[in-house]
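Structure first, then comments.
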Amino acid sequence: MTKSPTARRVNVSDYVIIGVLVAMIAAFSLASGSFLSLANASILLNQLPALILVTVGMTLVMLVGGIDLSVGSLVALSAGVLGIAVTSWGIPLPLAMALGLLVCAIAGLLSGALVSFGRLPSFIVTLGMLEAARGLAYAVSGSQTIYIGQSIEGLALPISWLGVSPAFLIAVAIAAIAWLILKKTIAGRHLIAIGTNEGAARASGIETRPYRLAVFAVSGTLAGLAGIFNAAYLAAADPNAGSGLELSAIAAAVIGGTSLNGGRGSIPGGLMGVLLIAILQGGLAQVGVSEPYKRVITGLVIILAVLLDSWRSRRI
């Protein structure tokens with residue numbers, strides 16, 4: 001049986017991403033002799049858990065036609081709550097982690113409620129949450145980095161025989177669960193239907209508001225977990241953590257095939273987008289590109305991601 005034109009076009013865009021990844025690896029390997037090594041691969045992969053988690057959450061939100069700009073600030077808020085709970089309130093680490101997750105889940109629920117039941121644009125709602133959560137992160141931390149110490153570092157330290165950290169394995173496992181939900185469950189099909197045509201989805205009997213509420217709650221919770229992993233990586237809670245992470249997540253999701261207009265999303269594609277951004281940023285750092293120019297290049301990648309999404313939308 002021959003594939004449909006749509007299937008062929010989607011595969012072409014996937015091959016383009018793979019080709020770009022291979023070209024980038026080759027270019028950075030030629031520019032830096034240490035880039036293509038197991039040690040560097042381990043370092044790169046162990047920096048990814050936070051971006052993987054927020055990209056998964058962003059993909060789910062974008063799938064229903066929304067956007068979540070608050071995730072970067074929620075990363076900082078979760079880490080700040082965790083840090084102050086452990087160092088000042090004397091709360092055991094597992095309970096402090098749960099508290100950080102709970103705060104971010106509530107923030108996600110609030111955003112979702114305003115979008116779903118208040119009929120407000122997700123861009124505006126989550127832009128407001130971005131500012132509110134960042135302000136709370138500064139407030140709980142006293143605008144200072146809170147050193148947590150070795151008690152949390154184990155999440156981010158590579159397993160000796162594997163080369164990757166528990167945080168990386170957990171993030172990949174969560175991405176796999178999200179992929180299975182989208183591909184194998186009725187809920188996943190409903191999310192795609194809502195993003196494709198919400199009116200038609202409601203006419204077919206799908207109650208759309210709980211789904212919108214759920215994806216924002218999941219996005220907030222995953223951002224909270226990303227904050228915990230970020231704190232583990234730094235052994236500290238930084239109130240500036242996650243700055244710009246929402247843009248990288250949007251770019252990774254769009255590069256991987258998620259539409260800015262909703263109705264189309266790919267968790268494996270999003271992981272490819274995460275890897276592309278990580279290789280780009282890591283490679284630029286290794287060849288000595290300064291931070292301002294790294295940000296310029298990353299911004300251009302985001303613009304190219306939007307152009308890629310526009311190209312896909314016209315051809316599918």
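In the structure tokens, chains take the letters A, B, ... in the order shown, each chain's residues start at 1, and ligands count up from 1 in the order shown.
By chain and then residue number, the residues within 10 Å of Val301 in chain A are Ser248, Ala251, Ala252, Ile255, Leu276, Ile277, Leu280, Arg295, Val296, Ile297, Ala305, Val306 and Leu307 of chain A, counting only C-alpha atoms and disregarding those fewer than 4 positions away in sequence.
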Emit the selected residues as a compact mmCIF listing (two decimals), in the first residue's frame, including all heavy atoms.
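Saved to result08.txt:
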# COMPACT_ATOMS: atom_id res chain seq x y z
N SER A 248 12.70 28.18 24.38
CA SER A 248 13.38 26.98 23.90
C SER A 248 12.40 25.82 23.77
O SER A 248 12.47 25.04 22.82
CB SER A 248 14.52 26.60 24.85
OG SER A 248 15.53 27.59 24.86
N ALA A 251 10.25 26.37 20.69
CA ALA A 251 11.05 26.08 19.49
C ALA A 251 11.24 24.58 19.31
O ALA A 251 11.09 24.06 18.19
CB ALA A 251 12.40 26.78 19.60
N ALA A 252 11.56 23.86 20.39
CA ALA A 252 11.78 22.42 20.30
C ALA A 252 10.51 21.71 19.85
O ALA A 252 10.55 20.81 19.00
CB ALA A 252 12.24 21.87 21.65
N ILE A 255 9.86 22.63 16.09
CA ILE A 255 10.84 21.93 15.25
C ILE A 255 10.44 20.47 15.10
O ILE A 255 10.57 19.87 14.04
CB ILE A 255 12.25 22.05 15.85
CG1 ILE A 255 12.77 23.49 15.68
CG2 ILE A 255 13.22 21.07 15.19
CD1 ILE A 255 14.02 23.77 16.47
N LEU A 276 18.32 19.00 19.16
CA LEU A 276 18.88 19.96 18.22
C LEU A 276 19.29 21.24 18.94
O LEU A 276 20.40 21.76 18.73
CB LEU A 276 17.85 20.26 17.12
CG LEU A 276 18.33 21.10 15.94
CD1 LEU A 276 17.58 20.71 14.67
CD2 LEU A 276 18.13 22.60 16.19
N ILE A 277 18.43 21.76 19.80
CA ILE A 277 18.75 22.99 20.53
C ILE A 277 19.92 22.77 21.47
O ILE A 277 20.82 23.62 21.59
CB ILE A 277 17.50 23.48 21.30
CG1 ILE A 277 16.46 24.00 20.31
CG2 ILE A 277 17.87 24.58 22.30
CD1 ILE A 277 15.14 24.35 20.93
N LEU A 280 23.10 22.58 19.49
CA LEU A 280 23.44 23.93 19.02
C LEU A 280 24.08 24.75 20.13
O LEU A 280 25.16 25.33 19.95
CB LEU A 280 22.19 24.63 18.50
CG LEU A 280 22.35 26.09 18.08
CD1 LEU A 280 23.27 26.19 16.87
CD2 LEU A 280 20.99 26.72 17.77
N ARG A 295 22.68 33.85 22.07
CA ARG A 295 21.26 34.22 22.15
C ARG A 295 20.72 34.68 20.81
O ARG A 295 19.58 34.39 20.45
CB ARG A 295 21.07 35.30 23.21
CG ARG A 295 21.48 34.87 24.60
CD ARG A 295 21.02 35.82 25.67
NE ARG A 295 19.58 35.83 25.81
CZ ARG A 295 18.94 36.37 26.83
NH1 ARG A 295 19.62 36.96 27.81
NH2 ARG A 295 17.63 36.35 26.90
N VAL A 296 21.57 35.38 20.05
CA VAL A 296 21.15 35.80 18.70
C VAL A 296 20.87 34.58 17.84
O VAL A 296 19.84 34.50 17.16
CB VAL A 296 22.24 36.68 18.05
CG1 VAL A 296 21.93 36.89 16.57
CG2 VAL A 296 22.34 38.03 18.76
N ILE A 297 21.78 33.60 17.88
CA ILE A 297 21.62 32.40 17.06
C ILE A 297 20.41 31.60 17.51
O ILE A 297 19.64 31.09 16.68
CB ILE A 297 22.91 31.56 17.11
CG1 ILE A 297 24.06 32.33 16.43
CG2 ILE A 297 22.71 30.22 16.43
CD1 ILE A 297 25.42 31.71 16.62
N ALA A 305 12.07 27.94 13.25
CA ALA A 305 11.07 26.95 13.68
C ALA A 305 9.67 27.38 13.28
O ALA A 305 8.84 26.58 12.83
CB ALA A 305 11.16 26.74 15.19
N VAL A 306 9.37 28.67 13.45
CA VAL A 306 8.06 29.19 13.06
C VAL A 306 7.88 29.08 11.55
O VAL A 306 6.80 28.72 11.06
CB VAL A 306 7.90 30.65 13.53
CG1 VAL A 306 6.60 31.23 13.01
CG2 VAL A 306 7.94 30.73 15.05
N LEU A 307 8.93 29.39 10.80
CA LEU A 307 8.85 29.25 9.33
C LEU A 307 8.62 27.80 8.94
O LEU A 307 7.85 27.51 8.01
CB LEU A 307 10.14 29.78 8.69
CG LEU A 307 10.36 31.29 8.77
CD1 LEU A 307 11.75 31.64 8.24
CD2 LEU A 307 9.29 32.03 8.00
* Asked: Which polymer residues have any atom within 8 Å of an atom of Ser116 in chain A, counting only C-alpha atoms, with same-chain residues fewer than 6 positions away left out, as a ChimeraX atom specification?
  -> /A:209-210,212-213
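Separating CA of Val16 in chain A from CA of Lys184 in chain A is a distance of 26.8 Å.
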* Asked: Running DSSP on the backbone, which parts of range 2-167 of chain A land in helix (DSSP H, G or I), as a ChimeraX atom specification?
  -> /A:5-31,38-45,49-63,71-87,93-116,122-141,153-155,166-167
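Computed from the coordinates, the CA of Val54 in chain A to CA of Ala171 in chain A distance equals 9.7 Å.
If you measure from each of A:Gln281, A:Thr145, A:Ser122, A:Gln286 to Gly299 in chain A using only C-alpha atoms, the closest one turns out to be A:Gln281.
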* Structure fact -> Nearest to Val254 in chain A, restricted to only C-alpha atoms and choosing among A:Leu127, A:Leu63, A:Ala98, A:Ala232, comes out as A:Leu63
How close does range 230-288 of chain A get to range 66-75 of chain A? List, as CSV, each residue of range 230-288 of chain A within 6 Å, its nearest atom pair and the distance in Å to one decimal, counting only C-alpha atoms.
residue,atom,partner,partner_atom,distance
A:Gly242,CA,A:Gly72,CA,4.2
A:Ser243,CA,A:Gly72,CA,5.5
A:Leu245,CA,A:Gly72,CA,5.0
A:Glu246,CA,A:Gly72,CA,5.3
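Among the candidates A:Ser88, A:Gln144, A:Asn197, A:Ser32, the residue lying nearest to Gly263 in chain A is A:Asn197 (atoms considered: only C-alpha atoms).
The shell of residues at most 7 Å from range 153-169 of chain A, with only C-alpha atoms counted and near chain neighbours (fewer than 6 positions) removed, consists of A:Ser42, A:Leu45, A:Asn46, A:Leu48, A:Pro49, A:Phe229, A:Ala232, A:Tyr233, A:Ala235.
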Output the selection as an mmCIF file, in the first residue's frame - C-alpha atoms for each residue.
data_model
loop_
_atom_site.group_PDB
_atom_site.id
_atom_site.type_symbol
_atom_site.label_atom_id
_atom_site.label_comp_id
_atom_site.auth_asym_id
_atom_site.auth_seq_id
_atom_site.Cartn_x
_atom_site.Cartn_y
_atom_site.Cartn_z
ATOM 1 C CA SER A 42 27.128 12.556 28.915
ATOM 2 C CA LEU A 45 22.371 14.649 27.970
ATOM 3 C CA ASN A 46 22.471 15.363 31.690
ATOM 4 C CA LEU A 48 18.433 18.084 29.181
ATOM 5 C CA PRO A 49 15.885 16.889 31.795
ATOM 6 C CA PHE A 229 15.855 18.706 38.493
ATOM 7 C CA ALA A 232 19.567 19.093 41.701
ATOM 8 C CA TYR A 233 21.890 19.954 38.811
ATOM 9 C CA ALA A 235 22.723 21.831 44.099
#
